[in-house]
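model.json, holding JSON, C-alpha atoms and all ligand atoms:
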```
[["chain", "number", "residue", "atom", "x", "y", "z"],
["A", 1, "MET", "CA", 208.28, 61.45, 56.04],
["A", 2, "PRO", "CA", 205.47, 58.91, 55.43],
["A", 3, "LEU", "CA", 203.11, 58.58, 58.37],
["A", 4, "LEU", "CA", 203.93, 55.01, 59.32],
["A", 5, "ASP", "CA", 207.69, 55.67, 59.17],
["A", 6, "ARG", "CA", 207.38, 58.27, 61.93],
["A", 7, "ARG", "CA", 208.57, 57.09, 65.31],
["A", 8, "HIS", "CA", 206.86, 59.45, 67.79],
["A", 9, "TRP", "CA", 203.09, 59.28, 68.22],
["A", 10, "ILE", "CA", 201.15, 61.67, 70.44],
["A", 11, "PHE", "CA", 197.50, 60.86, 71.07],
["A", 12, "ASP", "CA", 194.59, 62.87, 72.32],
["A", 13, "LEU", "CA", 192.80, 60.74, 74.91],
["A", 14, "ASP", "CA", 189.05, 61.39, 75.21],
["A", 15, "GLY", "CA", 187.18, 60.37, 72.07],
["A", 16, "THR", "CA", 190.40, 59.21, 70.38],
["A", 17, "LEU", "CA", 191.77, 56.32, 72.47],
["A", 18, "THR", "CA", 188.51, 56.17, 74.44],
["A", 19, "LEU", "CA", 184.94, 56.21, 73.22],
["A", 20, "ALA", "CA", 183.56, 59.75, 73.21],
["A", 21, "GLN", "CA", 181.60, 60.15, 76.43],
["A", 22, "HIS", "CA", 181.87, 63.85, 77.26],
["A", 23, "ASP", "CA", 178.69, 65.79, 76.56],
["A", 24, "PHE", "CA", 180.34, 69.20, 76.50],
["A", 25, "ASP", "CA", 177.04, 71.01, 76.00],
["A", 26, "ALA", "CA", 175.67, 69.42, 79.19],
["A", 27, "ILE", "CA", 178.88, 70.21, 81.08],
["A", 28, "ARG", "CA", 178.69, 73.85, 79.97],
["A", 29, "ARG", "CA", 175.06, 73.99, 81.07],
["A", 30, "ASP", "CA", 175.79, 72.46, 84.49],
["A", 31, "LEU", "CA", 178.65, 74.92, 85.04],
["A", 32, "GLY", "CA", 176.54, 77.89, 83.94],
["A", 33, "LEU", "CA", 178.81, 78.64, 80.98],
["A", 34, "GLU", "CA", 177.93, 80.03, 77.57],
["A", 35, "PRO", "CA", 176.99, 77.47, 74.91],
["A", 36, "GLY", "CA", 179.33, 76.73, 72.03],
["A", 37, "ARG", "CA", 182.56, 78.20, 73.45],
["A", 38, "PRO", "CA", 185.43, 76.08, 74.80],
["A", 39, "ILE", "CA", 185.17, 75.39, 78.54],
["A", 40, "LEU", "CA", 188.78, 75.95, 79.65],
["A", 41, "GLU", "CA", 189.01, 79.25, 77.79],
["A", 42, "GLN", "CA", 185.78, 80.49, 79.37],
["A", 43, "LEU", "CA", 187.09, 79.61, 82.84],
["A", 44, "ALA", "CA", 190.45, 81.23, 82.11],
["A", 45, "ALA", "CA", 188.72, 84.52, 81.32],
["A", 46, "MET", "CA", 187.08, 84.65, 84.78],
["A", 47, "PRO", "CA", 188.54, 85.92, 88.05],
["A", 48, "PRO", "CA", 189.82, 83.00, 90.17],
["A", 49, "SER", "CA", 187.15, 83.62, 92.81],
["A", 50, "LYS", "CA", 184.59, 82.63, 90.20],
["A", 51, "SER", "CA", 186.53, 80.05, 88.19],
["A", 52, "ASP", "CA", 188.10, 78.07, 91.08],
["A", 53, "PRO", "CA", 184.84, 76.46, 92.27],
["A", 54, "LEU", "CA", 183.87, 75.76, 88.64],
["A", 55, "HIS", "CA", 187.22, 74.06, 88.02],
["A", 56, "ASP", "CA", 186.54, 71.87, 91.07],
["A", 57, "GLU", "CA", 183.06, 71.01, 89.79],
["A", 58, "LEU", "CA", 184.41, 70.28, 86.29],
["A", 59, "GLU", "CA", 187.05, 67.98, 87.74],
["A", 60, "ARG", "CA", 184.42, 66.04, 89.70],
["A", 61, "MET", "CA", 182.37, 65.50, 86.54],
["A", 62, "GLU", "CA", 185.45, 64.52, 84.54],
["A", 63, "GLU", "CA", 186.57, 62.09, 87.25],
["A", 64, "ASP", "CA", 183.27, 60.20, 87.05],
["A", 65, "LEU", "CA", 183.68, 59.98, 83.27],
["A", 66, "ALA", "CA", 187.32, 58.87, 83.52],
["A", 67, "ARG", "CA", 186.42, 55.96, 85.81],
["A", 68, "GLU", "CA", 183.88, 54.77, 83.23],
["A", 69, "ALA", "CA", 186.16, 55.25, 80.21],
["A", 70, "GLN", "CA", 186.01, 52.56, 77.53],
["A", 71, "MET", "CA", 188.66, 51.84, 74.93],
["A", 72, "ALA", "CA", 187.99, 52.96, 71.36],
["A", 73, "PRO", "CA", 187.89, 50.19, 68.73],
["A", 74, "GLY", "CA", 191.37, 49.39, 67.45],
["A", 75, "ALA", "CA", 193.20, 51.31, 70.18],
["A", 76, "HIS", "CA", 194.86, 48.30, 71.78],
["A", 77, "ASP", "CA", 195.91, 46.78, 68.45],
["A", 78, "LEU", "CA", 197.38, 50.01, 67.12],
["A", 79, "LEU", "CA", 199.26, 50.84, 70.33],
["A", 80, "SER", "CA", 200.57, 47.25, 70.51],
["A", 81, "ALA", "CA", 201.80, 47.41, 66.92],
["A", 82, "LEU", "CA", 203.51, 50.77, 67.37],
["A", 83, "HIS", "CA", 205.00, 49.72, 70.71],
["A", 84, "ALA", "CA", 206.32, 46.48, 69.22],
["A", 85, "THR", "CA", 208.22, 48.39, 66.53],
["A", 86, "GLY", "CA", 209.83, 50.70, 69.10],
["A", 87, "CYS", "CA", 207.76, 53.82, 68.52],
["A", 88, "ARG", "CA", 207.49, 56.27, 71.41],
["A", 89, "LEU", "CA", 203.92, 56.91, 72.59],
["A", 90, "GLY", "CA", 202.59, 59.96, 74.44],
["A", 91, "ILE", "CA", 199.30, 61.53, 75.53],
["A", 92, "LEU", "CA", 198.26, 65.19, 75.27],
["A", 93, "THR", "CA", 194.82, 65.91, 76.70],
["A", 94, "ARG", "CA", 192.88, 68.98, 77.76],
["A", 95, "ASN", "CA", 191.78, 66.85, 80.73],
["A", 96, "LYS", "CA", 193.74, 66.79, 84.01],
["A", 97, "ARG", "CA", 196.83, 64.58, 84.08],
["A", 98, "ARG", "CA", 195.48, 62.72, 87.13],
["A", 99, "LEU", "CA", 192.25, 61.90, 85.30],
["A", 100, "ALA", "CA", 194.13, 60.81, 82.17],
["A", 101, "HIS", "CA", 195.90, 58.19, 84.28],
["A", 102, "ILE", "CA", 192.55, 57.03, 85.70],
["A", 103, "ALA", "CA", 191.09, 56.68, 82.18],
["A", 104, "LEU", "CA", 194.21, 54.85, 80.93],
["A", 105, "GLN", "CA", 193.92, 52.40, 83.82],
["A", 106, "ALA", "CA", 190.18, 51.94, 83.23],
["A", 107, "THR", "CA", 190.73, 51.09, 79.57],
["A", 108, "GLY", "CA", 193.77, 48.84, 80.09],
["A", 109, "LEU", "CA", 195.96, 51.09, 77.91],
["A", 110, "ALA", "CA", 198.16, 52.47, 80.69],
["A", 111, "ARG", "CA", 201.09, 50.15, 80.01],
["A", 112, "PHE", "CA", 201.79, 51.76, 76.64],
["A", 113, "PHE", "CA", 202.54, 55.20, 78.10],
["A", 114, "GLU", "CA", 205.38, 56.29, 80.37],
["A", 115, "ALA", "CA", 204.20, 58.73, 83.02],
["A", 116, "PRO", "CA", 206.46, 61.67, 82.02],
["A", 117, "VAL", "CA", 204.80, 61.83, 78.57],
["A", 118, "VAL", "CA", 201.18, 61.77, 79.78],
["A", 119, "PHE", "CA", 200.43, 65.48, 79.55],
["A", 120, "GLY", "CA", 197.30, 67.14, 80.89],
["A", 121, "ARG", "CA", 196.15, 70.70, 81.25],
["A", 122, "ASP", "CA", 198.29, 70.98, 84.39],
["A", 123, "ASP", "CA", 201.44, 70.43, 82.30],
["A", 124, "ALA", "CA", 201.07, 72.64, 79.24],
["A", 125, "GLU", "CA", 199.00, 75.33, 77.61],
["A", 126, "PRO", "CA", 195.85, 73.65, 76.29],
["A", 127, "LYS", "CA", 195.59, 72.61, 72.66],
["A", 128, "PRO", "CA", 195.44, 74.21, 70.08],
["A", 129, "SER", "CA", 198.68, 75.56, 71.56],
["A", 130, "PRO", "CA", 201.65, 73.47, 70.39],
["A", 131, "ASP", "CA", 203.22, 73.79, 73.87],
["A", 132, "GLY", "CA", 202.43, 70.25, 75.07],
["A", 133, "ILE", "CA", 203.66, 68.61, 71.87],
["A", 134, "GLN", "CA", 206.87, 70.61, 71.97],
["A", 135, "GLN", "CA", 207.49, 69.62, 75.61],
["A", 136, "ILE", "CA", 206.87, 65.93, 74.88],
["A", 137, "LEU", "CA", 209.18, 66.00, 71.83],
["A", 138, "ASP", "CA", 211.84, 67.69, 73.96],
["A", 139, "ILE", "CA", 211.59, 64.88, 76.52],
["A", 140, "TRP", "CA", 212.10, 62.35, 73.72],
["A", 141, "GLY", "CA", 214.78, 64.42, 71.97],
["A", 142, "ALA", "CA", 212.65, 64.15, 68.81],
["A", 143, "THR", "CA", 211.81, 66.51, 65.97],
["A", 144, "PRO", "CA", 208.29, 67.34, 64.71],
["A", 145, "SER", "CA", 209.16, 65.90, 61.30],
["A", 146, "ASP", "CA", 209.42, 62.46, 62.96],
["A", 147, "ALA", "CA", 206.17, 62.85, 64.94],
["A", 148, "VAL", "CA", 202.41, 62.42, 64.54],
["A", 149, "MET", "CA", 199.58, 64.08, 66.49],
["A", 150, "LEU", "CA", 196.27, 62.21, 66.46],
["A", 151, "GLY", "CA", 192.91, 63.36, 67.73],
["A", 152, "ASP", "CA", 189.17, 63.55, 67.21],
["A", 153, "TYR", "CA", 188.78, 67.35, 67.37],
["A", 154, "VAL", "CA", 190.07, 70.34, 65.47],
["A", 155, "PHE", "CA", 192.15, 71.55, 68.45],
["A", 156, "ASP", "CA", 194.20, 68.34, 68.27],
["A", 157, "LEU", "CA", 194.91, 68.94, 64.60],
["A", 158, "GLN", "CA", 195.72, 72.62, 65.09],
["A", 159, "ALA", "CA", 198.11, 71.78, 67.93],
["A", 160, "GLY", "CA", 199.91, 69.29, 65.71],
["A", 161, "ARG", "CA", 200.05, 71.64, 62.75],
["A", 162, "ASN", "CA", 201.25, 74.49, 64.98],
["A", 163, "ALA", "CA", 204.03, 72.22, 66.29],
["A", 164, "GLY", "CA", 204.96, 70.99, 62.80],
["A", 165, "THR", "CA", 203.99, 67.33, 63.20],
["A", 166, "ALA", "CA", 201.88, 65.24, 60.84],
["A", 167, "THR", "CA", 198.22, 65.31, 61.88],
["A", 168, "VAL", "CA", 195.64, 62.52, 61.86],
["A", 169, "LEU", "CA", 191.92, 63.08, 62.40],
["A", 170, "VAL", "CA", 190.33, 60.06, 64.05],
["A", 171, "ASP", "CA", 186.85, 60.79, 62.84],
["A", 172, "LEU", "CA", 184.64, 58.19, 64.51],
["A", 173, "LEU", "CA", 181.70, 60.58, 64.54],
["A", 174, "GLU", "CA", 182.35, 61.83, 60.99],
["A", 175, "ARG", "CA", 182.48, 65.47, 62.01],
["A", 176, "GLY", "CA", 185.61, 66.38, 60.11],
["A", 177, "GLU", "CA", 184.24, 67.84, 56.88],
["A", 178, "ASP", "CA", 185.06, 71.40, 57.92],
["A", 179, "TRP", "CA", 188.52, 70.61, 59.29],
["A", 180, "GLY", "CA", 190.19, 69.56, 56.05],
["A", 181, "ALA", "CA", 192.75, 72.34, 56.27],
["A", 182, "TRP", "CA", 194.11, 70.88, 59.49],
["A", 183, "PHE", "CA", 194.66, 67.16, 58.93],
["A", 184, "ASP", "CA", 197.06, 65.23, 56.71],
["A", 185, "VAL", "CA", 195.18, 61.97, 57.07],
["A", 186, "ARG", "CA", 191.63, 61.18, 58.09],
["A", 187, "VAL", "CA", 190.61, 57.75, 59.35],
["A", 188, "ARG", "CA", 187.23, 56.49, 60.51],
["A", 189, "GLY", "CA", 188.88, 54.40, 63.22],
["A", 190, "LEU", "CA", 192.30, 53.62, 64.67],
["A", 191, "ALA", "CA", 192.40, 50.18, 63.01],
["A", 192, "GLU", "CA", 192.81, 51.89, 59.63],
["A", 193, "LEU", "CA", 196.29, 52.94, 60.76],
["A", 194, "LEU", "CA", 197.50, 49.42, 61.49],
["A", 195, "PRO", "CA", 200.67, 48.74, 59.49],
["A", 196, "GLY", "CA", 200.50, 46.19, 56.70],
["A", 201, "MG", "MG", 189.20, 64.34, 72.15]]
```

Written as structure tokens, how would this file's structure read?
Ligand SMILES: [Mg+2]
Amino acid sequence: MPLLDRRHWIFDLDGTLTLAQHDFDAIRRDLGLEPGRPILEQLAAMPPSKSDPLHDELERMEEDLAREAQMAPGAHDLLSALHATGCRLGILTRNKRRLAHIALQATGLARFFEAPVVFGRDDAEPKPSPDGIQQILDIWGATPSDAVMLGDYVFDLQAGRNAGTATVLVDLLERGEDWGAWFDVRVRGLAELLPG
């Protein structure tokens, strides 16, 4: 089904609907983690006695960032247009659900998303697992062939592809050259997706 005919749109949050603000290298350094490897997976490989305090520290850093979140260009216009035509809108983030709500409030985008379909790492296996997408589609009673997953990182695309949705790379930072196997559409900003 053509992208803009699809009725169920699931967005990554940080760096997709908000301006990228997470310096993951700095976060890894502050937490004493190895460079270049995903944070949640490194924490998951540790015993809880070691990872629990690091999770707390990570959440404190992420909360500061969430309160300062700024909307990405085109986000409000695209969400308004999709909402106006009756599309269902959801969020799937590797951040905490609580912090996703803080960032949505800070950016003024909260009204587009119903709480049960704002999914964080407390709700599903982290992307690139398709688990969160599948749960959100179940809530909507929708099929992957009528859904789109959008994000700014390869995990977003892999999660979508693993779930069977269309995938859109929102490539504000133009990092996507190596990820061509994973996206159906690449845009340089959300405004490129506006219908008409
Ligand atoms: Mg992101």

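Closest approach to Leu193 (chain A) among A:Met71, A:Ala110, A:Leu78, A:Ala45: A:Leu78, based on only C-alpha atoms.
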
| request: Check which residues fall inside 7 Å of ligand MG 201 (chain A) when counting all atoms listed in the file, and print them as an MDAnalysis selection string. | output: chainID A and resid 12:16 151:153

Once 3 Å is added on each side, what centre and edge lengths in Å to one decimal does the axis-aligned box around all listed atoms of region 98-104 of chain A have, as lines of an AutoDock Vina configuration file?
```
center_x = 193.5
center_y = 58.8
center_z = 84.0
size_x = 10.8
size_y = 13.9
size_z = 12.2
```

| task | Tell me which of A:Lys127, A:His76, A:Arg88, A:Arg37 sits closest to Leu194 (chain A), counting all atoms listed in the file. | result | A:His76

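Checking A:Gly32, A:Gly180, A:Pro128, A:Gly141 one by one against Gly160 (chain A), counting all atoms listed in the file, you find the shortest gap at A:Pro128.
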
| field | Point-to-point distance in Å for CA of Gly189 (chain A) and CA of Arg111 (chain A) | value | 21.2 Å

| task | Using only C-alpha atoms, determine which residues lie at most 10 Å from Thr85 (chain A), disregarding the query and same-chain residues fewer than 4 positions distant; provide the list as a VMD selection string. | result | chain A and resid 7 80 to 81

| said: Need the shell around Pro2 (chain A): protein/DNA/RNA residues with any atom at most 10 Å away, counting all atoms listed in the file. Skip same-chain ones fewer than 2 positions apart. Format as number ranges by chain? | reply: A: 4-6, 145-146, 166

| Test item: residues at most 7 Å from region 129-140 of chain A, all atoms listed in the file, excluding those fewer than 2 positions along its chain, as a ChimeraX atom specification | /A:92,117,119,124-127,142-143,159-160,162-163

Please identify all polymer residues within 10 Å of Ala103 (chain A), counting all atoms listed in the file, omitting same-chain residues fewer than 5 positions from it, and present them as a PDB file with C-alpha atoms, in the coordinates of the input.
```
ATOM      1  CA  LEU A  13     192.800  60.740  74.910  1.00  0.00           C
ATOM      2  CA  ASP A  14     189.050  61.390  75.210  1.00  0.00           C
ATOM      3  CA  LEU A  17     191.770  56.320  72.470  1.00  0.00           C
ATOM      4  CA  THR A  18     188.510  56.170  74.440  1.00  0.00           C
ATOM      5  CA  GLU A  62     185.450  64.520  84.540  1.00  0.00           C
ATOM      6  CA  GLU A  63     186.570  62.090  87.250  1.00  0.00           C
ATOM      7  CA  ASP A  64     183.270  60.200  87.050  1.00  0.00           C
ATOM      8  CA  LEU A  65     183.680  59.980  83.270  1.00  0.00           C
ATOM      9  CA  ALA A  66     187.320  58.870  83.520  1.00  0.00           C
ATOM     10  CA  ARG A  67     186.420  55.960  85.810  1.00  0.00           C
ATOM     11  CA  GLU A  68     183.880  54.770  83.230  1.00  0.00           C
ATOM     12  CA  ALA A  69     186.160  55.250  80.210  1.00  0.00           C
ATOM     13  CA  GLN A  70     186.010  52.560  77.530  1.00  0.00           C
ATOM     14  CA  MET A  71     188.660  51.840  74.930  1.00  0.00           C
ATOM     15  CA  ARG A  97     196.830  64.580  84.080  1.00  0.00           C
ATOM     16  CA  ARG A  98     195.480  62.720  87.130  1.00  0.00           C
ATOM     17  CA  GLY A 108     193.770  48.840  80.090  1.00  0.00           C
ATOM     18  CA  LEU A 109     195.960  51.090  77.910  1.00  0.00           C
ATOM     19  CA  ALA A 110     198.160  52.470  80.690  1.00  0.00           C
TER      20      ALA A 110
END
```

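For the pair CA of Pro195 (chain A) and CA of Val118 (chain A), the separation is 24.1 Å.
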
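Each of A:Phe113, A:Trp179, A:Phe24, A:Phe155 was compared to Cys87 (chain A) using only C-alpha atoms, and A:Phe113 turns out to be the nearest.
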
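Atom to atom, CA of Ala75 (chain A) and CA of Ala100 (chain A) stand 15.3 Å apart.
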
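Among the candidate residues A:Leu89, A:Ala84, A:Leu99, A:Leu58, the one lying nearest to Leu43 (chain A) is A:Leu58, with distances computed using only C-alpha atoms.
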
| request: Write out as a list in words each polymer residue whose atoms come within 12 Å of Gly36 (chain A), counting all atoms listed in the file; drop sequence neighbours fewer than 4 positions from it. | output: Asp23, Phe24, Asp25, Ala26, Ile27, Arg28, Arg29, Glu41 and Gln42 of chain A

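Ranking A:Thr107, A:His22, A:Val154, A:Ala44 by their shortest atom-to-atom distance to Asp178 (chain A), with all atoms listed in the file included, puts A:Val154 first.
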